[in-house]
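Text of the file final38.txt, holding compact mmCIF, C-alpha atoms:
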```
# COMPACT_ATOMS: atom_id res chain seq x y z
CA MET I 1 29.74 0.13 -28.65
CA ASN I 2 30.24 -2.38 -25.85
CA SER I 3 27.75 -4.56 -24.04
CA SER I 4 27.24 -2.27 -21.04
CA LEU I 5 26.15 0.52 -23.36
CA LEU I 6 23.61 -1.91 -24.80
CA TYR I 7 22.30 -2.57 -21.28
CA ALA I 8 22.08 1.18 -20.66
CA LEU I 9 20.08 1.66 -23.87
CA ALA I 10 17.78 -1.18 -22.80
CA GLY I 11 17.33 0.71 -19.53
CA VAL I 12 16.27 3.82 -21.49
CA GLY I 13 13.80 1.63 -23.39
CA LEU I 14 12.32 0.26 -20.14
CA PHE I 15 12.03 3.78 -18.72
CA THR I 16 10.17 5.02 -21.79
CA LEU I 17 7.84 2.00 -21.88
CA GLY I 18 7.04 2.55 -18.22
CA LEU I 19 6.37 6.25 -18.78
CA TYR I 20 3.98 5.42 -21.64
CA ALA I 21 2.06 2.97 -19.45
CA LEU I 22 2.00 5.45 -16.57
CA ILE I 23 0.35 8.09 -18.75
CA VAL I 24 -2.02 5.86 -20.71
CA HIS I 25 -3.47 3.57 -18.04
CA THR I 26 -5.94 4.88 -15.50
CA HIS I 27 -6.01 1.85 -13.19
CA LEU I 28 -3.80 2.70 -10.24
CA LEU I 29 -2.28 -0.79 -9.98
CA ARG I 30 -1.08 -0.42 -13.57
CA LYS I 31 0.35 3.00 -12.75
CA ILE I 32 2.24 1.56 -9.76
CA LEU I 33 3.60 -1.25 -11.92
CA ALA I 34 4.57 1.29 -14.58
CA ILE I 35 6.53 3.35 -12.06
CA ASN I 36 8.34 0.16 -11.00
CA VAL I 37 9.26 -0.60 -14.61
CA MET I 38 10.57 2.96 -14.96
CA GLY I 39 12.62 2.52 -11.80
CA SER I 40 14.07 -0.75 -13.08
CA GLY I 41 15.11 1.07 -16.23
CA VAL I 42 16.92 3.74 -14.19
CA PHE I 43 18.68 1.05 -12.11
CA LEU I 44 19.73 -0.76 -15.29
CA VAL I 45 21.22 2.47 -16.68
CA LEU I 46 23.10 3.16 -13.43
CA VAL I 47 24.55 -0.36 -13.12
CA ALA I 48 25.49 -0.45 -16.80
CA LEU I 49 27.22 2.92 -16.67
CA GLY I 50 29.16 1.82 -13.58
CA GLY I 51 30.83 -0.88 -15.68
CA ARG I 52 31.10 1.15 -18.84
CA ILE I 53 34.85 1.33 -19.28
CA PRO I 54 36.26 -2.07 -20.26
CA GLY I 55 39.33 -3.34 -18.47
CA THR I 56 38.67 -1.49 -15.23
CA PRO I 57 36.76 -2.78 -12.19
CA PRO I 58 33.16 -1.48 -12.07
CA ASP I 59 32.56 1.78 -10.23
CA PRO I 60 31.09 0.85 -6.81
CA VAL I 61 29.30 4.18 -6.27
CA PRO I 62 26.42 3.63 -8.76
CA HIS I 63 26.06 0.07 -7.48
CA ALA I 64 25.64 1.31 -3.92
CA MET I 65 23.11 3.87 -5.17
CA VAL I 66 21.13 1.11 -6.89
CA ILE I 67 21.03 -1.01 -3.71
CA THR I 68 19.70 2.02 -1.85
CA GLY I 69 17.27 2.75 -4.65
CA ILE I 70 15.82 -0.75 -4.76
CA VAL I 71 14.92 -0.69 -1.08
CA VAL I 72 13.37 2.77 -1.41
CA ALA I 73 11.41 1.63 -4.48
CA VAL I 74 10.09 -1.44 -2.64
CA SER I 75 8.94 0.59 0.36
CA ALA I 76 7.39 3.29 -1.84
CA THR I 77 5.54 0.58 -3.78
CA ALA I 78 4.21 -0.89 -0.55
CA LEU I 79 2.95 2.54 0.55
CA ALA I 80 1.38 3.14 -2.87
CA LEU I 81 -0.41 -0.23 -2.75
CA ALA I 82 -1.71 0.50 0.73
CA LEU I 83 -2.97 3.90 -0.47
CA MET I 84 -4.66 2.25 -3.44
CA LEU I 85 -6.40 -0.32 -1.23
CA ARG I 86 -7.58 2.46 1.06
CA LEU I 87 -8.90 4.42 -1.92
CA ARG I 88 -10.82 1.36 -3.07
CA ALA I 89 -12.25 0.91 0.39
CA GLU I 90 -13.37 4.57 0.43
CA THR I 91 -14.66 5.04 -3.13
CA GLY I 92 -15.06 1.54 -4.51
CA GLN I 93 -12.77 2.05 -7.47
CA GLU I 94 -9.06 1.93 -8.18
CA ARG I 95 -8.70 5.04 -10.30
CA LEU I 96 -8.37 8.70 -9.56
CA PRO I 97 -11.72 10.50 -9.33
CA GLU I 98 -11.41 12.98 -12.21
CA GLU I 99 -10.43 10.37 -14.77
CA PRO I 100 -13.11 8.97 -17.04
CA SER I 101 -13.31 5.21 -16.94
CA GLY I 102 -11.88 3.47 -19.96
CA TYR I 103 -9.01 1.26 -20.94
CA MET Y 104 -18.94 15.53 -28.50
CA SER Y 105 -19.96 12.27 -30.10
CA VAL Y 106 -18.39 8.91 -29.28
CA ALA Y 107 -16.63 8.79 -32.63
CA ASP Y 108 -15.12 12.24 -32.05
CA ARG Y 109 -13.92 11.22 -28.64
CA ASN Y 110 -12.36 8.04 -29.99
CA ARG Y 111 -10.61 10.01 -32.72
CA LEU Y 112 -9.28 12.45 -30.11
CA ALA Y 113 -8.03 9.58 -27.94
CA LEU Y 114 -6.24 8.08 -30.93
CA LEU Y 115 -4.65 11.43 -31.76
CA PHE Y 116 -3.56 11.77 -28.14
CA ARG Y 117 -1.91 8.34 -28.31
CA TRP Y 118 0.03 9.23 -31.42
CA VAL Y 119 1.23 12.58 -30.07
CA LEU Y 120 2.26 10.87 -26.84
CA LEU Y 121 4.10 8.15 -28.75
CA LEU Y 122 6.02 10.75 -30.77
CA LEU Y 123 6.95 12.73 -27.65
CA LEU Y 124 8.15 9.62 -25.86
CA LEU Y 125 10.17 8.50 -28.89
CA ALA Y 126 11.82 11.93 -28.88
CA LEU Y 127 12.55 11.54 -25.16
CA ALA Y 128 14.03 8.07 -25.65
CA GLY Y 129 16.09 9.33 -28.57
CA GLY Y 130 17.44 12.20 -26.49
CA LEU Y 131 18.35 9.93 -23.60
CA ALA Y 132 20.01 7.42 -25.94
CA TYR Y 133 21.96 10.26 -27.57
CA ALA Y 134 23.12 11.41 -24.13
CA LEU Y 135 24.31 7.88 -23.33
CA LEU Y 136 26.06 7.42 -26.67
CA SER Y 137 27.87 10.76 -26.43
CA LEU Y 138 29.43 10.00 -23.04
CA PRO Y 139 33.23 10.28 -23.13
CA ASP Y 140 35.13 7.02 -23.60
CA GLN Y 141 37.32 7.55 -20.58
CA ALA Y 142 35.77 8.93 -17.42
CA PRO Y 143 37.44 8.41 -14.08
CA GLY Y 144 34.20 8.49 -12.07
CA LEU Y 145 34.68 7.96 -8.38
CA SER Y 146 36.16 4.46 -8.50
CA GLU Y 147 39.75 5.69 -8.20
CA ARG Y 148 38.98 7.68 -5.06
CA VAL Y 149 37.17 4.66 -3.62
CA THR Y 150 40.13 2.39 -4.39
CA ALA Y 151 42.55 4.90 -2.88
CA ASN Y 152 40.61 5.06 0.40
CA MET Y 153 39.72 1.37 0.71
CA GLU Y 154 42.48 0.85 3.29
CA ARG Y 155 40.79 3.23 5.69
CA SER Y 156 37.23 2.00 5.18
CA GLY Y 157 37.44 -1.05 7.45
CA VAL Y 158 35.96 -3.43 4.86
CA ARG Y 159 37.27 -4.97 1.65
CA ASN Y 160 34.13 -4.90 -0.47
CA PRO Y 161 34.01 -1.52 -2.26
CA VAL Y 162 30.20 -1.46 -2.46
CA THR Y 163 29.89 -1.98 1.31
CA ALA Y 164 32.58 0.67 1.85
CA VAL Y 165 30.57 3.18 -0.19
CA LEU Y 166 27.25 2.24 1.43
CA LEU Y 167 28.27 2.24 5.07
CA ASN Y 168 31.33 4.46 5.17
CA PHE Y 169 31.90 6.92 2.32
CA ARG Y 170 28.21 7.54 1.65
CA GLY Y 171 26.87 6.55 5.06
CA TYR Y 172 24.39 9.43 4.97
CA ASP Y 173 22.52 7.85 2.06
CA THR Y 174 22.07 4.60 3.92
CA LEU Y 175 21.10 6.37 7.14
CA LEU Y 176 18.42 8.39 5.37
CA GLU Y 177 17.27 5.30 3.53
CA MET Y 178 16.58 3.57 6.83
CA GLY Y 179 14.50 6.65 7.62
CA VAL Y 180 12.60 6.27 4.34
CA LEU Y 181 11.79 2.65 5.17
CA LEU Y 182 10.48 3.64 8.56
CA VAL Y 183 8.42 6.54 7.18
CA ALA Y 184 6.90 4.27 4.51
CA LEU Y 185 5.88 1.81 7.20
CA LEU Y 186 4.41 4.63 9.31
CA GLY Y 187 2.45 5.72 6.26
CA VAL Y 188 1.07 2.22 5.72
CA TRP Y 189 0.23 1.85 9.41
CA SER Y 190 -1.56 5.19 9.52
CA LEU Y 191 -3.94 4.02 6.76
CA GLY Y 192 -5.51 1.37 8.93
CA THR Y 193 -5.09 -2.00 10.53
CA ALA Y 194 -4.00 -5.08 8.64
CA ALA Y 195 -6.85 -6.75 6.82
CA GLN Y 196 -8.09 -9.77 8.68
CA GLN Y 197 -6.33 -12.51 6.86
CA ARG Y 198 -8.33 -15.64 6.43
CA ARG Y 199 -7.08 -18.38 8.65
CA VAL Y 200 -4.89 -20.55 6.50
CA VAL Y 201 -4.59 -24.15 7.49
CA PRO Y 202 -1.25 -25.04 5.92
CA GLU Y 203 -1.00 -28.31 4.11
CA PRO Y 204 1.51 -30.75 5.59
CA VAL Y 205 3.92 -30.37 2.67
CA LEU Y 206 3.87 -26.56 2.95
CA SER Y 207 4.36 -26.46 6.69
CA PHE Y 208 7.16 -29.03 6.46
CA LEU Y 209 8.83 -26.98 3.71
CA VAL Y 210 8.47 -23.70 5.61
CA GLY Y 211 9.75 -25.31 8.79
CA GLY Y 212 12.81 -26.50 6.94
CA LEU Y 213 13.39 -23.40 4.83
CA VAL Y 214 13.05 -20.61 7.38
CA PRO Y 215 16.00 -21.65 9.59
CA VAL Y 216 18.17 -22.03 6.48
CA MET Y 217 17.09 -18.57 5.29
CA ILE Y 218 17.93 -17.01 8.65
CA LEU Y 219 21.33 -18.69 8.50
CA MET Y 220 21.71 -17.40 4.94
CA ALA Y 221 20.90 -13.86 6.11
CA GLY Y 222 23.62 -14.11 8.74
CA TYR Y 223 26.09 -15.38 6.16
CA LEU Y 224 25.24 -12.55 3.73
CA LEU Y 225 25.66 -10.00 6.50
CA TRP Y 226 29.07 -11.38 7.45
CA THR Y 227 30.37 -11.85 3.94
CA GLY Y 228 29.38 -8.29 2.96
CA ALA Y 229 32.64 -7.07 4.44
CA HIS Y 230 34.75 -8.63 1.69
CA ALA Y 231 32.43 -9.97 -1.05
CA PRO Y 232 29.02 -9.17 -2.54
CA GLY Y 233 26.50 -9.17 0.30
CA GLY Y 234 25.63 -6.86 3.14
CA ALA Y 235 22.79 -5.52 5.22
CA PHE Y 236 20.26 -5.02 2.43
CA GLN Y 237 20.74 -8.44 0.90
CA ALA Y 238 20.59 -10.07 4.32
CA GLY Y 239 17.55 -8.00 5.28
CA SER Y 240 15.74 -9.01 2.09
CA VAL Y 241 16.34 -12.71 2.78
CA LEU Y 242 15.10 -12.20 6.33
CA ALA Y 243 12.01 -10.41 4.99
CA ALA Y 244 11.39 -13.25 2.53
CA SER Y 245 11.40 -15.76 5.37
CA GLY Y 246 9.01 -13.55 7.32
CA ILE Y 247 6.64 -13.31 4.34
CA LEU Y 248 6.85 -17.08 3.86
CA LEU Y 249 5.79 -17.53 7.47
CA LEU Y 250 2.90 -15.08 7.04
CA LEU Y 251 1.75 -16.78 3.83
CA SER Y 252 1.76 -20.20 5.44
CA GLY Y 253 -0.63 -19.01 8.11
CA LYS Y 254 1.73 -18.44 11.00
CA ARG Y 255 0.40 -15.63 13.15
CA LEU Y 256 2.27 -13.03 15.12
CA PRO Y 257 2.34 -13.99 18.78
CA ALA Y 258 0.13 -11.69 20.84
CA TRP Y 259 2.99 -10.03 22.66
CA LEU Y 260 4.86 -9.14 19.50
CA PRO Y 261 2.84 -6.32 17.85
CA GLY Y 262 3.41 -4.10 20.86
CA ARG Y 263 6.59 -2.50 22.03
CA SER Y 264 9.02 -5.23 20.97
CA LEU Y 265 8.01 -4.99 17.30
CA ARG Y 266 8.36 -1.22 17.36
CA PHE Y 267 11.73 -1.55 19.08
CA VAL Y 268 13.08 -3.80 16.31
CA LEU Y 269 11.64 -1.48 13.65
CA VAL Y 270 13.54 1.57 14.89
CA LEU Y 271 16.63 -0.39 15.95
CA GLY Y 272 18.46 0.02 12.62
CA LEU Y 273 17.95 3.78 12.37
CA GLY Y 274 18.52 4.24 16.10
CA VAL Y 275 21.83 2.38 16.18
CA PHE Y 276 22.98 4.21 13.05
CA VAL Y 277 22.20 7.63 14.52
CA ALA Y 278 23.67 6.67 17.91
CA VAL Y 279 26.94 5.52 16.31
CA GLY Y 280 27.05 8.68 14.20
CA VAL Y 281 26.47 11.00 17.14
CA THR Y 282 28.98 9.15 19.34
CA LEU Y 283 31.60 9.45 16.60
CA MET Y 284 30.72 13.11 16.19
CA SER Y 285 31.50 13.77 19.85
CA ALA Y 286 34.78 11.87 19.49
CA SER Y 287 36.07 13.09 16.13
CA GLY Y 288 33.92 16.13 15.39
CA LEU Y 289 32.32 14.74 12.20
CA PHE Y 290 29.07 12.83 11.87
CA LEU Y 291 29.68 9.16 10.91
CA GLN Y 292 33.45 9.66 10.64
CA TYR Y 293 34.70 6.20 11.58
CA PRO Y 294 38.25 5.96 12.95
CA SER Y 295 39.89 3.45 10.60
CA SER Y 296 40.94 1.08 13.38
CA LEU Y 297 37.35 0.66 14.59
CA ALA Y 298 35.60 1.03 11.24
CA GLY Y 299 35.20 -2.68 10.48
CA GLY Y 300 33.57 -3.53 13.80
CA LEU Y 301 31.34 -0.47 13.84
CA ILE Y 302 30.16 -1.15 10.29
CA LEU Y 303 29.28 -4.74 11.19
CA PHE Y 304 27.42 -3.50 14.28
CA VAL Y 305 25.41 -0.94 12.29
CA GLU Y 306 24.75 -3.48 9.55
CA ALA Y 307 23.53 -6.14 11.98
CA ALA Y 308 20.97 -3.75 13.46
CA ALA Y 309 20.00 -2.54 9.99
CA THR Y 310 19.52 -6.13 8.76
CA LEU Y 311 17.07 -6.90 11.56
CA SER Y 312 15.15 -3.67 10.98
CA ILE Y 313 15.03 -4.07 7.19
CA GLY Y 314 13.82 -7.66 7.45
CA VAL Y 315 11.10 -6.87 9.97
CA THR Y 316 10.06 -3.62 8.23
CA LEU Y 317 9.64 -5.30 4.84
CA SER Y 318 7.64 -8.15 6.39
CA ALA Y 319 5.48 -5.61 8.21
CA LEU Y 320 4.93 -3.71 4.95
CA PHE Y 321 3.71 -6.98 3.45
CA LEU Y 322 0.96 -7.14 6.07
CA GLY Y 323 -0.46 -3.97 4.52
CA GLY Y 324 -1.50 -2.29 7.73
CA ARG Y 325 -0.98 -1.90 11.44
CA PRO Y 326 -1.10 -5.28 13.18
CA ASP Y 327 -4.01 -5.51 15.62
CA GLN Y 328 -2.99 -5.03 19.21
CA GLY Y 329 -5.57 -7.29 20.67
CA GLU Y 330 -5.05 -10.28 18.44
```
Using C-alpha cells, write down the structure from this file.
Amino acid sequence: MNSSLLYALAGVGLFTLGLYALIVHTHLLRKILAINVMGSGVFLVLVALGGRIPGTPPDPVPHAMVITGIVVAVSATALALALMLRLRAETGQERLPEEPSGY
Amino acid sequence: MSVADRNRLALLFRWVLLLLLLALAGGLAYALLSLPDQAPGLSERVTANMERSGVRNPVTAVLLNFRGYDTLLEMGVLLVALLGVWSLGTAAQQRRVVPEPVLSFLVGGLVPVMILMAGYLLWTGAHAPGGAFQAGSVLAASGILLLLSGKRLPAWLPGRSLRFVLVLGLGVFVAVGVTLMSASGLFLQYPSSLAGGLILFVEAAATLSIGVTLSALFLGGRPDQGE
C-alpha cells in the first residue's frame, strides 16, 4: 500500500460523503456543493491513480482529464447556481417543489 | 401518519442510506485495492510520441495534441454553460461599490501582475506545468477581482467585442482543426514541424476565452446592453 493508493481511497471517501449529502439535503445550494465534493473525490482518484506505480513518472493522461474536468465542473456549477437563483426568483424557495421542507 | 411515525421513518431511511453508501464505498475501495501492481497505462505511448507533439510538457501534449478533441469540446461546454446562464436573465444590478483606497490600490497593483502571470503560465506550459487552463483561470481571477472592487464594464464592451472574445477560443480551435484537415486529411492532426507554434496559437486564444468566460459566468447573467 503506497501513498497514492491512500489518496485514491480518500477520494472514494469524499465521493461517498458527497453522495450522502446530495441525497439527504433538500436545499439546492447544499446539493450543488455536494456534487462539487463528489467531483473533487473523482479528481483525487484520477490524479492518485495516475501516479500509482512508484519509480515511474506519473501518467499524463489522467492529469489532462482532471484539468478538463475541473473547468467543466466550474462552468456546470455556475450554471447550476444561476438556475437556483432563477428558481428562487420564480418560486421564492431554494428547493425542488415536490420535496417537503425539512433539514 | 403522525409526526413520530414520520420521524421514525426518516431515521430508518437514514440508516438504510448509510448502509447502502458504506457498501458502495467498500466496493469502490475493493476495486482500487485489487488493481494490478504493474499497469502500463498510456504513459509509455505518450513518452514514445513526445518528439512529434511539438511541446515538452506531457500534460500539454495530451491536452492539445493527442487528446485535442477533449479540449475542443470542453471549450464548447464552457460556451454552452455561459449561454445557459445568459438565457436565464440579465445580470443582477450590482450595488455600486465605492472601493476603499487600500482595495483600489491593491487591485490596481495586482491585476497587471496577474495578467503578466497568465502570459507566463501560457508560455511555460510548453515545457513545464502550466498551460491555457491555468493561465485562463488566473485571467478570470483578475477579472473577478476587478468586478468585486466595483469596476464596471465599459459601455461598448458587452456588445459584439465581448461575444467575439467569448467564441474566439472555440473558433480558432475549430479553424485550425479544419485547416489541418484540408491539408493532412485528419481533424486536428498537427504536422510535427508546426505543432509547437499551432498549439501556442490555439492556447493563446483559448486562454483569452476561458478567462473572459469564467469572469462572465461570475456575473451570473447577461450583461445589460444599455449600461
Residues of chain I that have any atom at most 6 Å from an atom of chain Y: could you tabulate them with the shortest-distance atom pair and the distance in Å to one decimal, using only C-alpha atoms, ordered by chain and increasing number, as JSON lines?
```
{"residue": "I:Asp59", "atom": "CA", "partner": "Y:Ser146", "partner_atom": "CA", "distance": 4.8}
{"residue": "I:Pro60", "atom": "CA", "partner": "Y:Val162", "partner_atom": "CA", "distance": 5.0}
{"residue": "I:Ala64", "atom": "CA", "partner": "Y:Val162", "partner_atom": "CA", "distance": 5.5}
{"residue": "I:Ser75", "atom": "CA", "partner": "Y:Ala184", "partner_atom": "CA", "distance": 5.9}
{"residue": "I:Leu79", "atom": "CA", "partner": "Y:Val188", "partner_atom": "CA", "distance": 5.5}
{"residue": "I:Ala82", "atom": "CA", "partner": "Y:Val188", "partner_atom": "CA", "distance": 6.0}
```
Between atom CA of Ser318 of chain Y and atom CA of Lys254 of chain Y lies a distance of 12.7 Å
Calculate how many Å separate atom CA of Gly212 of chain Y from atom CA of Leu250 of chain Y, rounding to one decimal.
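These two atoms are separated by 15.1 Å.
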Closest to Ala231 of chain Y among Y:Arg325, Y:Leu112, Y:Val158, Y:Glu306, using all atoms listed in the file?
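The shortest atom-to-atom distance to Ala231 of chain Y comes from Y:Val158.
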Point-to-point distance from atom CA of Val45 of chain I to atom CA of Ala8 of chain I, Å rounded to tenths:
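Going from atom CA of Val45 of chain I over to atom CA of Ala8 of chain I covers 4.3 Å.
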